[in-house]
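Asks: final23.txt (compact mmCIF, C-alpha atoms) pasted underneath:
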```
# COMPACT_ATOMS: atom_id res chain seq x y z
CA MET I 1 1.97 22.52 28.51
CA PRO I 2 -1.06 20.22 28.14
CA ARG I 3 -1.28 18.19 24.99
CA VAL I 4 -4.17 17.07 22.89
CA VAL I 5 -4.55 13.32 22.60
CA VAL I 6 -6.41 11.89 19.63
CA ASP I 7 -7.51 8.27 19.88
CA VAL I 8 -8.39 6.65 16.55
CA MET I 9 -10.28 3.36 16.46
CA LEU I 10 -11.72 1.31 13.63
CA LYS I 11 -15.51 1.58 13.62
CA PRO I 12 -17.14 -1.36 15.42
CA GLU I 13 -18.54 -2.78 12.18
CA ILE I 14 -15.12 -2.82 10.46
CA LEU I 15 -13.25 -6.09 10.83
CA ASP I 16 -9.95 -5.66 12.70
CA PRO I 17 -7.73 -8.55 11.56
CA GLN I 18 -4.78 -7.24 13.60
CA GLY I 19 -6.84 -7.34 16.77
CA GLN I 20 -8.05 -10.83 15.89
CA ALA I 21 -4.48 -12.02 15.34
CA VAL I 22 -3.47 -10.68 18.74
CA ALA I 23 -6.52 -12.24 20.40
CA ASN I 24 -5.68 -15.57 18.77
CA ALA I 25 -2.15 -15.39 20.20
CA LEU I 26 -3.28 -14.85 23.78
CA PRO I 27 -4.03 -18.52 24.57
CA ARG I 28 -0.33 -19.16 23.90
CA LEU I 29 0.40 -16.86 26.86
CA GLY I 30 -1.96 -18.90 28.94
CA VAL I 31 -4.63 -16.20 28.75
CA GLY I 32 -8.00 -17.74 28.15
CA ASP I 33 -10.48 -15.13 29.35
CA VAL I 34 -10.19 -12.48 26.60
CA ALA I 35 -13.23 -12.23 24.35
CA SER I 36 -11.82 -9.82 21.77
CA VAL I 37 -9.04 -7.34 21.05
CA ARG I 38 -9.35 -4.20 18.93
CA ILE I 39 -6.30 -2.18 17.93
CA GLY I 40 -6.30 1.58 17.45
CA ARG I 41 -3.86 4.46 17.38
CA ARG I 42 -3.09 7.20 19.90
CA ILE I 43 -1.68 10.49 18.65
CA GLU I 44 -0.35 13.26 20.92
CA ILE I 45 -0.36 16.80 19.57
CA GLU I 46 1.55 19.66 21.10
CA PHE I 47 0.57 23.15 19.95
CA THR I 48 3.03 26.03 19.92
CA GLY I 49 0.56 28.03 22.04
CA GLU I 50 -2.55 27.04 23.97
CA PRO I 51 -3.91 23.63 22.98
CA ASP I 52 -6.81 24.05 20.60
CA LEU I 53 -9.36 21.21 20.73
CA ASP I 54 -11.35 22.45 17.75
CA ARG I 55 -8.23 22.64 15.66
CA ALA I 56 -7.23 19.15 16.81
CA ARG I 57 -10.68 17.87 15.85
CA GLU I 58 -10.20 19.34 12.36
CA ILE I 59 -6.77 17.71 12.04
CA ALA I 60 -8.20 14.39 13.17
CA ASP I 61 -11.14 14.57 10.78
CA LYS I 62 -9.05 15.57 7.76
CA LEU I 63 -5.90 13.55 8.26
CA LEU I 64 -5.44 11.46 11.40
CA ALA I 65 -8.61 9.40 10.95
CA ASN I 66 -10.45 8.20 7.88
CA PRO I 67 -14.10 8.78 8.80
CA VAL I 68 -15.17 6.09 6.33
CA ILE I 69 -13.69 3.36 8.54
CA GLU I 70 -12.56 5.03 11.77
CA ASP I 71 -13.94 6.97 14.74
CA PHE I 72 -11.86 9.33 16.84
CA THR I 73 -12.00 11.11 20.17
CA VAL I 74 -10.09 14.23 21.16
CA ARG I 75 -9.14 15.20 24.72
CA LEU I 76 -6.70 17.31 26.69
CA VAL I 77 -4.15 15.66 28.95
CA GLU I 78 -1.59 17.18 31.27
CA ALA I 79 2.02 16.92 30.13
CA ASP I 80 2.89 14.39 32.85
CA GLU I 81 0.37 11.92 31.37
CA THR I 82 1.97 11.90 27.92
CA ALA I 83 4.37 9.38 26.46
CA ASP I 84 7.34 11.77 26.75
CA ALA I 85 6.82 12.17 30.47
CA ARG I 86 6.73 8.42 31.04
CA SER I 87 9.85 7.66 29.06
CA MET A 88 -1.61 13.82 -32.06
CA THR A 89 -0.27 11.35 -29.53
CA ALA A 90 -2.12 11.42 -26.24
CA ARG A 91 -0.03 12.42 -23.24
CA VAL A 92 -0.65 10.36 -20.11
CA GLY A 93 0.89 11.55 -16.86
CA VAL A 94 2.34 9.09 -14.33
CA VAL A 95 2.85 10.53 -10.85
CA THR A 96 5.87 9.65 -8.75
CA PHE A 97 5.44 10.04 -5.00
CA PRO A 98 8.22 9.31 -2.53
CA GLY A 99 7.83 5.55 -2.18
CA SER A 100 6.11 4.93 -5.50
CA LEU A 101 7.13 1.56 -6.88
CA ASP A 102 5.33 0.90 -10.14
CA ASP A 103 5.66 4.29 -11.82
CA GLY A 104 8.21 2.88 -14.27
CA ASP A 105 5.96 -0.01 -15.28
CA ALA A 106 2.95 2.31 -15.56
CA ALA A 107 4.89 4.63 -17.88
CA ARG A 108 5.99 1.61 -19.92
CA ALA A 109 2.39 0.39 -20.21
CA VAL A 110 1.33 3.84 -21.41
CA ARG A 111 4.06 3.75 -24.06
CA ILE A 112 3.21 0.22 -25.23
CA ALA A 113 -0.44 1.26 -25.51
CA GLY A 114 0.64 3.95 -27.95
CA ALA A 115 0.61 7.10 -25.84
CA GLU A 116 3.37 9.34 -24.59
CA PRO A 117 4.10 8.88 -20.87
CA VAL A 118 4.79 12.11 -19.00
CA ARG A 119 6.43 11.75 -15.60
CA LEU A 120 4.80 13.98 -12.96
CA TRP A 121 6.37 14.78 -9.61
CA HIS A 122 4.40 14.85 -6.36
CA GLY A 123 5.77 18.24 -5.33
CA ASP A 124 4.92 19.97 -8.62
CA PRO A 125 1.28 21.08 -8.87
CA GLN A 126 1.53 21.44 -12.67
CA LEU A 127 0.03 18.70 -14.83
CA HIS A 128 2.05 19.80 -17.89
CA GLY A 129 -0.85 19.52 -20.28
CA VAL A 130 -1.47 15.78 -19.87
CA ASP A 131 -4.71 14.27 -21.17
CA ALA A 132 -5.00 11.65 -18.41
CA VAL A 133 -3.20 10.62 -15.22
CA VAL A 134 -2.12 7.31 -13.67
CA LEU A 135 -1.44 7.10 -9.93
CA PRO A 136 0.86 4.08 -9.66
CA GLY A 137 1.30 1.40 -7.04
CA GLY A 138 3.82 1.39 -4.25
CA PHE A 139 4.09 2.73 -0.75
CA SER A 140 3.78 6.51 -0.96
CA TYR A 141 5.20 8.20 2.12
CA GLY A 142 6.01 4.77 3.53
CA ASP A 143 2.29 4.04 4.02
CA TYR A 144 2.59 6.13 7.20
CA LEU A 145 -0.65 6.80 9.08
CA ARG A 146 -2.81 5.01 6.46
CA CYS A 147 -1.99 4.00 2.89
CA GLY A 148 -2.48 7.06 0.69
CA ALA A 149 -3.42 9.37 3.57
CA ILE A 150 -0.42 11.67 3.21
CA ALA A 151 -0.11 11.46 -0.59
CA ARG A 152 -3.58 12.93 -0.78
CA PHE A 153 -2.14 16.26 0.40
CA ALA A 154 0.73 16.33 -2.12
CA PRO A 155 0.71 19.49 -4.29
CA VAL A 156 0.12 17.45 -7.45
CA MET A 157 -2.95 15.80 -5.89
CA GLU A 158 -4.72 19.10 -5.28
CA THR A 159 -4.50 19.80 -9.02
CA ILE A 160 -5.50 16.24 -9.92
CA VAL A 161 -8.56 16.31 -7.64
CA ASP A 162 -9.79 19.50 -9.33
CA ALA A 163 -9.05 18.18 -12.80
CA ALA A 164 -10.70 14.82 -12.07
CA GLN A 165 -13.85 16.59 -10.94
CA GLY A 166 -13.71 18.37 -14.30
CA GLY A 167 -13.52 15.08 -16.22
CA LEU A 168 -9.79 14.31 -16.50
CA PRO A 169 -9.40 10.51 -16.75
CA VAL A 170 -7.53 9.24 -13.67
CA LEU A 171 -6.55 5.62 -13.00
CA GLY A 172 -5.35 4.69 -9.52
CA ILE A 173 -3.62 1.33 -9.27
CA CYS A 174 -3.12 -0.31 -5.86
CA ASN A 175 -1.61 2.51 -3.78
CA GLY A 176 -3.14 4.85 -6.37
CA PHE A 177 -6.58 3.36 -5.58
CA GLN A 178 -5.90 3.96 -1.88
CA ILE A 179 -4.97 7.58 -2.64
CA LEU A 180 -8.17 8.11 -4.67
CA CYS A 181 -10.26 6.85 -1.74
CA GLU A 182 -8.37 9.00 0.75
CA ALA A 183 -8.89 12.00 -1.56
CA HIS A 184 -12.64 11.22 -1.66
CA LEU A 185 -12.63 10.90 -5.44
CA LEU A 186 -13.88 7.35 -4.87
CA PRO A 187 -16.08 6.09 -2.00
CA GLY A 188 -15.05 3.52 0.60
CA ALA A 189 -11.63 2.58 1.88
CA LEU A 190 -8.96 -0.10 1.54
CA THR A 191 -7.95 -1.93 4.69
CA ARG A 192 -5.59 -4.66 5.80
CA ASN A 193 -6.09 -7.95 3.97
CA GLN A 194 -8.46 -10.02 6.08
CA HIS A 195 -5.97 -12.88 6.45
CA LEU A 196 -3.14 -10.39 7.20
CA HIS A 197 -0.88 -11.93 4.53
CA PHE A 198 0.60 -10.02 1.62
CA ARG A 199 -0.86 -11.61 -1.51
CA ASN A 200 1.19 -11.82 -4.69
CA ARG A 201 -0.23 -13.93 -7.51
CA ASP A 202 -1.79 -13.85 -10.95
CA GLN A 203 -5.49 -13.17 -10.56
CA VAL A 204 -8.51 -13.54 -12.81
CA LEU A 205 -10.84 -10.54 -12.82
CA ARG A 206 -14.22 -10.13 -14.43
CA VAL A 207 -14.70 -6.71 -16.01
CA GLU A 208 -18.18 -5.74 -14.84
CA SER A 209 -18.36 -2.28 -16.35
CA ALA A 210 -16.94 -1.48 -19.78
CA GLY A 211 -18.43 1.99 -19.72
CA THR A 212 -15.55 3.78 -18.00
CA ALA A 213 -12.71 5.80 -19.51
CA TRP A 214 -10.32 2.99 -18.53
CA THR A 215 -12.32 -0.15 -19.48
CA ASN A 216 -14.10 0.64 -22.76
CA ALA A 217 -11.77 -1.70 -24.70
CA PHE A 218 -13.28 -4.68 -22.85
CA GLN A 219 -16.59 -6.49 -23.22
CA PRO A 220 -18.80 -6.49 -20.13
CA GLY A 221 -18.26 -9.82 -18.37
CA GLN A 222 -14.87 -10.38 -20.03
CA GLU A 223 -12.36 -12.18 -17.82
CA VAL A 224 -8.77 -10.92 -17.68
CA LEU A 225 -5.63 -12.18 -15.96
CA VAL A 226 -3.41 -9.66 -14.18
CA PRO A 227 -1.07 -9.77 -11.18
CA VAL A 228 -2.36 -8.82 -7.76
CA LYS A 229 0.10 -7.83 -5.01
CA ASN A 230 -1.11 -6.07 -1.91
CA GLY A 231 -1.16 -6.11 1.86
CA GLU A 232 -3.98 -3.60 2.29
CA GLY A 233 -6.34 -4.33 -0.56
CA CYS A 234 -9.51 -5.23 1.29
CA TYR A 235 -12.19 -2.92 -0.08
CA VAL A 236 -14.77 -1.84 2.50
CA ALA A 237 -17.73 0.51 2.38
CA ASP A 238 -21.09 0.66 4.13
CA THR A 239 -23.99 -1.32 2.69
CA ALA A 240 -25.70 1.75 1.25
CA THR A 241 -22.55 2.72 -0.65
CA LEU A 242 -22.04 -0.83 -1.93
CA ASP A 243 -25.67 -1.03 -3.06
CA GLN A 244 -25.34 2.32 -4.82
CA LEU A 245 -22.14 1.23 -6.60
CA GLU A 246 -23.89 -1.94 -7.80
CA ALA A 247 -27.07 -0.13 -8.84
CA GLU A 248 -25.17 2.49 -10.83
CA GLY A 249 -22.88 -0.03 -12.54
CA ARG A 250 -19.85 1.40 -10.78
CA VAL A 251 -18.27 -1.90 -9.76
CA VAL A 252 -15.70 -2.03 -12.55
CA ALA A 253 -14.10 -5.41 -11.83
CA ARG A 254 -14.49 -8.31 -9.42
CA TYR A 255 -12.13 -11.07 -8.33
CA VAL A 256 -12.90 -14.46 -9.87
CA GLY A 257 -11.58 -17.80 -8.61
CA GLY A 258 -10.81 -16.65 -5.08
CA ASN A 259 -10.86 -13.29 -3.35
CA PRO A 260 -7.23 -12.44 -2.48
CA ASN A 261 -7.87 -9.98 0.33
CA GLY A 262 -11.42 -10.21 1.66
CA SER A 263 -12.78 -7.27 -0.34
CA MET A 264 -16.51 -6.82 0.14
CA ARG A 265 -18.55 -8.30 -2.70
CA ASP A 266 -15.26 -9.40 -4.34
CA ILE A 267 -14.68 -5.83 -5.54
CA ALA A 268 -11.37 -5.29 -7.33
CA ALA A 269 -12.11 -1.97 -9.04
CA ILE A 270 -14.68 0.83 -8.87
CA THR A 271 -15.37 4.09 -10.65
CA ASN A 272 -16.86 7.49 -9.82
CA ALA A 273 -20.30 8.54 -11.05
CA ALA A 274 -18.89 10.14 -14.21
CA GLY A 275 -16.77 7.08 -15.11
CA ASN A 276 -13.55 9.05 -15.59
CA VAL A 277 -11.93 8.07 -12.27
CA VAL A 278 -11.18 4.37 -11.74
CA GLY A 279 -9.42 2.70 -8.81
CA ILE A 280 -8.16 -0.85 -9.23
CA MET A 281 -6.29 -2.95 -6.67
CA PRO A 282 -4.60 -5.46 -9.05
CA HIS A 283 -1.91 -4.36 -11.49
CA PRO A 284 -2.81 -4.14 -15.21
CA GLU A 285 0.50 -2.34 -15.88
CA HIS A 286 2.34 -5.59 -15.10
CA ALA A 287 0.43 -7.51 -17.80
CA VAL A 288 1.32 -5.69 -21.01
CA GLU A 289 4.18 -7.80 -22.43
CA ALA A 290 4.60 -11.56 -22.90
CA LEU A 291 8.15 -11.40 -21.51
CA THR A 292 7.21 -10.05 -18.08
CA GLY A 293 3.49 -10.57 -17.54
CA PRO A 294 1.08 -13.50 -17.24
CA SER A 295 -0.95 -12.08 -20.17
CA LEU A 296 -1.36 -8.96 -22.26
CA ASP A 297 -4.78 -8.33 -20.73
CA GLY A 298 -3.66 -5.28 -18.76
CA LEU A 299 -3.02 -3.33 -21.92
CA GLY A 300 -6.76 -2.87 -22.44
CA PHE A 301 -6.96 -0.45 -19.52
CA PHE A 302 -4.43 1.83 -21.20
CA THR A 303 -5.79 1.52 -24.76
CA SER A 304 -9.24 2.27 -23.30
CA VAL A 305 -8.21 5.73 -22.19
CA LEU A 306 -6.78 6.49 -25.63
CA LYS A 307 -10.10 5.44 -27.17
CA HIS A 308 -11.89 7.58 -24.61
CA LEU A 309 -9.74 10.62 -25.40
CA VAL A 310 -10.30 10.30 -29.14
CA GLY A 311 -14.05 10.09 -28.60
CA ALA A 312 -14.20 12.82 -26.01
CA PRO A 313 -15.00 16.37 -27.07
CA ALA A 314 -11.86 18.54 -27.01
```
Mind converting the file's structure to structure tokens?

Replies:
Amino acid sequence: MPRVVVDVMLKPEILDPQGQAVANALPRLGVGDVASVRIGRRIEIEFTGEPDLDRAREIADKLLANPVIEDFTVRLVEADETADARS
Amino acid sequence: MTARVGVVTFPGSLDDGDAARAVRIAGAEPVRLWHGDPQLHGVDAVVLPGGFSYGDYLRCGAIARFAPVMETIVDAAQGGLPVLGICNGFQILCEAHLLPGALTRNQHLHFRNRDQVLRVESAGTAWTNAFQPGQEVLVPVKNGEGCYVADTATLDQLEAEGRVVARYVGGNPNGSMRDIAAITNAAGNVVGIMPHPEHAVEALTGPSLDGLGFFTSVLKHLVGAPA
């Protein structure tokens, strides 16, 4: 069964101190060519029946993301692209 | 009659005991409210205490917003019930859209725990009328996600309408925009504050008694308010 994947990212104008901390650690790995890092959240939703993108959008807007500070995108992926399948 | 002030306990609340104690020291009767019970049991005001409701999962306050008690509180707050959200309570009020903006990770990523001077900017709210405008108070601050953010239009509106209730003085502990420590809704009955007035109500345990004013304010407000 395909799943719905919701990607939540801080809006570009919101400072991401976690991303900055990661970016600042990269030179210690010998990585010097990264300009910036932004950290978000990926959520996989499995419906009991057919995946419902509109419903997923509603869930994302009301709970998964805070529209004051975050943007989200919603898409369908096949089951073999999800985290469960890779583990 | 003694005012009854509800203090909500969510799973993961931390400062509900201190909030109830502050209510009692201020001269009101604390009434413990449970997140799963939508009844407010006839309280005259509500405090949402600090802590880590629902383990801060997803975002701080995001899940508490959907607790049965919150649905009742949101309706009652829109009808004028005084509500004070402290720390995690402030986060819950923003998530519930009773207050604008959001609280994000401290800019320096460190948890900050210290005594903090605040300047009370607005003494016109249900929770700050015992103060003089411009009065400085000393209360503990302790948060990891206390950085207040909102878009410029919202910040300008808060300033223009006198809805910035308190600002950090002598160093901003978390990077909050415009040094904002507390804000209120348009009606002045809902206040969110990141520092902890409930920890500054007794000489034995607090850095001052300044926090008590937030709790005596609501009693003053209730006496003055039409029944």

Asks: Which value, in Å to one decimal, gives the distance between atom CA of A:Ala132 and atom CA of A:Gly188?

Replies: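 That distance, rounded to one decimal, is 23.0 Å.
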
Asks: Determine, counting only C-alpha atoms, which protein, DNA and RNA residues have an atom within 9 Å of an atom of stretch 56-67 of chain I; residues of the same chain fewer than 2 positions away are not included. Present the result as a list in words.

Replies: Val4, Val5, Val6, Val8, Met9, Lys11, Ile43, Ile45, Pro51, Asp52, Leu53, Asp54, Ile69, Glu70, Asp71, Phe72, Thr73 and Val74 of chain I; Leu145, Arg146, Ala149, Ile150, Glu182 and Ala189 of chain A

Asks: Would you mind exporting C-alpha atoms of the selected residues as a compact mmCIF listing (two decimals), in the coordinates of the input?

Replies:
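The new file result_12.txt reads:
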```
# COMPACT_ATOMS: atom_id res chain seq x y z
CA VAL I 4 -4.17 17.07 22.89
CA VAL I 5 -4.55 13.32 22.60
CA VAL I 6 -6.41 11.89 19.63
CA VAL I 8 -8.39 6.65 16.55
CA MET I 9 -10.28 3.36 16.46
CA LYS I 11 -15.51 1.58 13.62
CA ILE I 43 -1.68 10.49 18.65
CA ILE I 45 -0.36 16.80 19.57
CA PRO I 51 -3.91 23.63 22.98
CA ASP I 52 -6.81 24.05 20.60
CA LEU I 53 -9.36 21.21 20.73
CA ASP I 54 -11.35 22.45 17.75
CA ILE I 69 -13.69 3.36 8.54
CA GLU I 70 -12.56 5.03 11.77
CA ASP I 71 -13.94 6.97 14.74
CA PHE I 72 -11.86 9.33 16.84
CA THR I 73 -12.00 11.11 20.17
CA VAL I 74 -10.09 14.23 21.16
CA LEU A 145 -0.65 6.80 9.08
CA ARG A 146 -2.81 5.01 6.46
CA ALA A 149 -3.42 9.37 3.57
CA ILE A 150 -0.42 11.67 3.21
CA GLU A 182 -8.37 9.00 0.75
CA ALA A 189 -11.63 2.58 1.88
```

Asks: Taking into account all atoms listed in the file, which residue in the set A:Thr159, A:Thr239, A:Ser304, A:Ser295 is nearest to A:His283?

Replies: A:Ser295

Asks: Could you jot down the atom CA of A:Val252 to atom CA of A:Val278 separation for me, Å, one decimal place?

Replies: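 These atoms are spaced 7.9 Å apart.
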
Asks: Can you tell me, as a PyMOL selection string, what residues are no more than 8 Å from stretch 247-251 of chain A when counting only C-alpha atoms, ignoring any on the same chain fewer than 3 positions away?

Replies: chain A and resi 208-209+243-244+254+267+269-273+275

Asks: List as a PyMOL selection string the protein and nucleic acid residues near A:Ala274, meaning an atom at most 9 Å away when only C-alpha atoms are counted, but skip any in the same chain fewer than 2 places from it.

Replies: chain A and resi 165+167+212+271-272+276-277

Asks: How many Å separate atom CA of A:Asp297 from atom CA of A:Ala107?

Replies: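 These atoms are spaced 16.4 Å apart.
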
Asks: Which residues come within 12 Å of A:Leu196, counting only C-alpha atoms, excluding same-chain residues fewer than 3 positions away, as a PyMOL selection string?

Replies: (chain I and resi 15-22) or (chain A and resi 191-193+199+230-234+260-262)

Asks: Restricting the calculation to all atoms listed in the file: of I:Ile39, I:Glu13, I:Gly32, I:Leu26, which residue gets closest to chain A?

Replies: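 So, comparing all the options, the nearest one is I:Glu13.
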
Asks: So, with only C-alpha atoms as the atoms that count, which of A:Asn175, A:Ser100, A:Gln219, A:Thr241 lies closest to chain I?

Replies: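 Using only C-alpha atoms, chain I sits closest to A:Thr241.
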
Asks: Near A:Ala253, counting all atoms listed in the file, which residues have an atom at most 10 Å away, once you skip same-chain residues fewer than 4 positions from it, shown as a PyMOL selection string?

Replies: chain A and resi 204-210+215+220-224+266-271+279-282

Asks: Which protein, DNA or RNA residues have an atom at most 10 Å from (3.1, 26.4, 22.0), counting all atoms listed in the file? List them as a PyMOL selection string.

Replies: chain I and resi 1-3+46-51
